[in-house]
Amino acid sequence: MTKRILHVVTNVGHYDDPSHPTGLWLSELTHAWAVFEERGFTQALVSPRGGAAPLEPRSLKFPNYDKTAKAWHADPARMTLLEDTAHPDAIDPAEFDAVYFTGGHAVMYDFPDSEGLQRITREIWERGGIVSSVCHGYCGLLNTRLSDGSLLVAGRKVTGFAWREEVLARVDKLVPYNAEEEMRRRGARYEKAKLPFVSYTVGDGNLVTGQNPQSAKATAEHVAALL
């Protein structure tokens with residue numbers, strides 16, 4: 001049986017201040033997509049509202065705009081996938097072996113309270129599937145509760161974009177909340193690398209999380225190994 005991966009992307013294109021654009025951090029999708037593609041996995045895209053997923057402008061500049069991101073950006077068929085993502089209501093979680101939440105600061109706005117994404121995540125998790133995220137993608141796990149009412153992340157090891165990295169990226173005044181702090185408040189055992197912006201991935205059973213854009217490939221490889 002071919003393994004099936006559901007990638008989650010954002011619909012948001014700017015911070016609270018509309019003069020500051022944001023969106024999907026493209027390489028966080030493309031690095032993982034390449035890992036899964038090499039293994040012959042089937043892949044699909046979903047977003048909180050369905051439809052278009054805007055791109056984070058900073059992810060289209062050096063050094064983040066690497067070979068896989070450039071290839072995707074130059075491929076009309078691939079870009080069309082981001083213009084017409086599925087709505088959560090159209091997704092049957094039983095058809096997927098893993099869910100992978102991509103990042104970009106935009107997801108801080110539309111991932112946490114999407115009941116559709118929470119339903120998908122809960123069902124995949126409770127069926128023994130893999131729940132994974134990279135960078136700000138872990139914001140999509142903040143409020144997901146299991147059937148017994150407990151938070152999925154409570155008591156589990158998790159990583160994601162660190163507050164120190166927000167400060168170094170000079171967006172600490174723009175972001176709507178401190179994601180690292182919010183994850184800790186929910187009882188997650190948050191971990192991070194000693195140095196900012198280096199690849200760091202954490203696995204806790206079927207929960208696999210990566211800290212930053214540099215962690216996307218390693219996160220996907222961890223997911224693939226579990227599958």
# chains A, B, ... in the order shown; residues from 1 in each chain; ligands from 1
>>> residues_around(residues="His14 in chain A", least_positions_apart="5", cutoff="12 Å", atoms="only C-alpha atoms", output="list in words")
Ser19, His20, Pro21, Thr22, Gly23, Leu24, Ala53, Pro54, Leu55, Glu56, Pro57, Gly104, His105, Ala106, Val107, Met108, Tyr109, Asp110, Leu174, Val175 and Pro176 of chain A
>>> write_last_selection(atoms="C-alpha atoms", output="JSON list (two decimals), in the first residue's frame")
[["chain", "number", "residue", "atom", "x", "y", "z"],
["A", 19, "SER", "CA", 1.67, 46.22, 5.31],
["A", 20, "HIS", "CA", 3.73, 43.21, 6.47],
["A", 21, "PRO", "CA", 3.11, 40.24, 4.16],
["A", 22, "THR", "CA", 3.62, 36.63, 5.19],
["A", 23, "GLY", "CA", 2.37, 33.21, 4.09],
["A", 24, "LEU", "CA", 3.63, 29.67, 3.50],
["A", 53, "ALA", "CA", -2.10, 29.50, -0.07],
["A", 54, "PRO", "CA", -0.03, 32.72, -0.33],
["A", 55, "LEU", "CA", 3.76, 32.51, -0.14],
["A", 56, "GLU", "CA", 5.97, 34.20, 2.44],
["A", 57, "PRO", "CA", 8.10, 36.70, 0.45],
["A", 104, "GLY", "CA", 5.48, 30.47, 7.92],
["A", 105, "HIS", "CA", 4.29, 33.09, 10.41],
["A", 106, "ALA", "CA", 0.90, 33.17, 8.71],
["A", 107, "VAL", "CA", -0.10, 29.85, 10.26],
["A", 108, "MET", "CA", -0.09, 31.48, 13.70],
["A", 109, "TYR", "CA", -3.39, 33.08, 12.67],
["A", 110, "ASP", "CA", -5.38, 30.35, 10.95],
["A", 174, "LEU", "CA", 4.76, 41.52, 14.69],
["A", 175, "VAL", "CA", 3.73, 38.04, 15.79],
["A", 176, "PRO", "CA", 0.37, 37.66, 17.60]]
>>> select_by_dssp(residues="range 87-166 of chain A", states="strand (DSSP E)", output="VMD selection string")
chain A and resid 98 to 101 130 to 134 157 to 158
>>> residues_around(residues="Asp113 in chain A", least_positions_apart="5", cutoff="9 Å", atoms="only C-alpha atoms", output="ChimeraX atom specification")
/A:118,140,142-144
>>> select_by_dssp(residues="range 97-157 of chain A", states="alpha helix (DSSP H)", output="short mmCIF file (atom, residue, chain, number, x, y, z; two decimals) with N, CA and C atoms, in the first residue's frame")
data_model
loop_
_atom_site.label_atom_id
_atom_site.label_comp_id
_atom_site.auth_asym_id
_atom_site.auth_seq_id
_atom_site.Cartn_x
_atom_site.Cartn_y
_atom_site.Cartn_z
N VAL A 107 0.67 30.95 9.64
CA VAL A 107 -0.10 29.85 10.26
C VAL A 107 -0.47 30.15 11.71
N MET A 108 0.23 31.12 12.32
CA MET A 108 -0.09 31.48 13.70
C MET A 108 -1.52 32.00 13.81
N TYR A 109 -2.04 32.49 12.68
CA TYR A 109 -3.39 33.08 12.67
C TYR A 109 -4.49 32.07 12.35
N ASP A 110 -4.25 31.19 11.37
CA ASP A 110 -5.38 30.35 10.95
C ASP A 110 -5.27 28.87 11.30
N GLU A 115 -11.29 24.05 13.45
CA GLU A 115 -11.91 22.80 13.90
C GLU A 115 -11.75 21.69 12.87
N GLY A 116 -11.74 22.08 11.60
CA GLY A 116 -11.55 21.08 10.55
C GLY A 116 -10.19 20.42 10.62
N LEU A 117 -9.15 21.23 10.83
CA LEU A 117 -7.80 20.67 10.97
C LEU A 117 -7.68 19.84 12.24
N GLN A 118 -8.33 20.30 13.32
CA GLN A 118 -8.29 19.55 14.57
C GLN A 118 -8.94 18.17 14.41
N ARG A 119 -10.04 18.13 13.68
CA ARG A 119 -10.73 16.85 13.45
C ARG A 119 -9.83 15.89 12.68
N ILE A 120 -9.21 16.40 11.61
CA ILE A 120 -8.32 15.57 10.80
C ILE A 120 -7.17 15.04 11.64
N THR A 121 -6.55 15.94 12.41
CA THR A 121 -5.39 15.57 13.23
C THR A 121 -5.77 14.52 14.26
N ARG A 122 -6.88 14.76 14.95
CA ARG A 122 -7.34 13.83 15.99
C ARG A 122 -7.61 12.44 15.42
N GLU A 123 -8.28 12.40 14.29
CA GLU A 123 -8.64 11.10 13.71
C GLU A 123 -7.42 10.34 13.21
N ILE A 124 -6.47 11.05 12.59
CA ILE A 124 -5.24 10.39 12.14
C ILE A 124 -4.46 9.86 13.34
N TRP A 125 -4.35 10.69 14.37
CA TRP A 125 -3.61 10.31 15.58
C TRP A 125 -4.25 9.10 16.27
N GLU A 126 -5.55 9.13 16.44
CA GLU A 126 -6.23 8.07 17.20
C GLU A 126 -6.31 6.76 16.42
#
>>> residues_around(residues="Gln214 in chain A", least_positions_apart="2", cutoff="6 Å", atoms="only C-alpha atoms", output="PDB file with C-alpha atoms, in the first residue's frame")
ATOM      1  CA  SER A 199      18.240  21.622  12.043  1.00  0.00           C
ATOM      2  CA  ASN A 212      12.695  25.765  11.969  1.00  0.00           C
ATOM      3  CA  ALA A 216      11.996  20.329   7.241  1.00  0.00           C
TER       4      ALA A 216
END
>>> atom_distance(atom1="CA of Ala169 in chain A", atom2="CA of Pro196 in chain A")
10.4 Å
>>> residues_around(residues="Ile5 in chain A", least_positions_apart="3", cutoff="9 Å", atoms="only C-alpha atoms", output="PyMOL selection string")
chain A and resi 36+41-45+96-100
>>> closest_atom_pairs(of="range 94-190 of chain A", to="range 218-221 of chain A", cutoff="8 Å", atoms="only C-alpha atoms", output="JSON lines")
{"residue": "A:Ser132", "atom": "CA", "partner": "A:Thr219", "partner_atom": "CA", "distance": 7.8}
{"residue": "A:Ser133", "atom": "CA", "partner": "A:Thr219", "partner_atom": "CA", "distance": 7.8}
{"residue": "A:Val134", "atom": "CA", "partner": "A:Thr219", "partner_atom": "CA", "distance": 7.1}
>>> write_last_selection(atoms="N, CA and C atoms", output="PDB file, in the first residue's frame")
ATOM      1  N   SER A 132       2.724  15.427  12.405  1.00  0.00           N
ATOM      2  CA  SER A 132       4.028  16.084  12.338  1.00  0.00           C
ATOM      3  C   SER A 132       3.870  17.552  11.973  1.00  0.00           C
ATOM      4  N   SER A 133       4.904  18.325  12.304  1.00  0.00           N
ATOM      5  CA  SER A 133       4.899  19.749  11.987  1.00  0.00           C
ATOM      6  C   SER A 133       6.334  20.224  11.874  1.00  0.00           C
ATOM      7  N   VAL A 134       6.501  21.363  11.218  1.00  0.00           N
ATOM      8  CA  VAL A 134       7.815  21.992  11.160  1.00  0.00           C
ATOM      9  C   VAL A 134       7.643  23.483  11.421  1.00  0.00           C
TER      10      VAL A 134
END
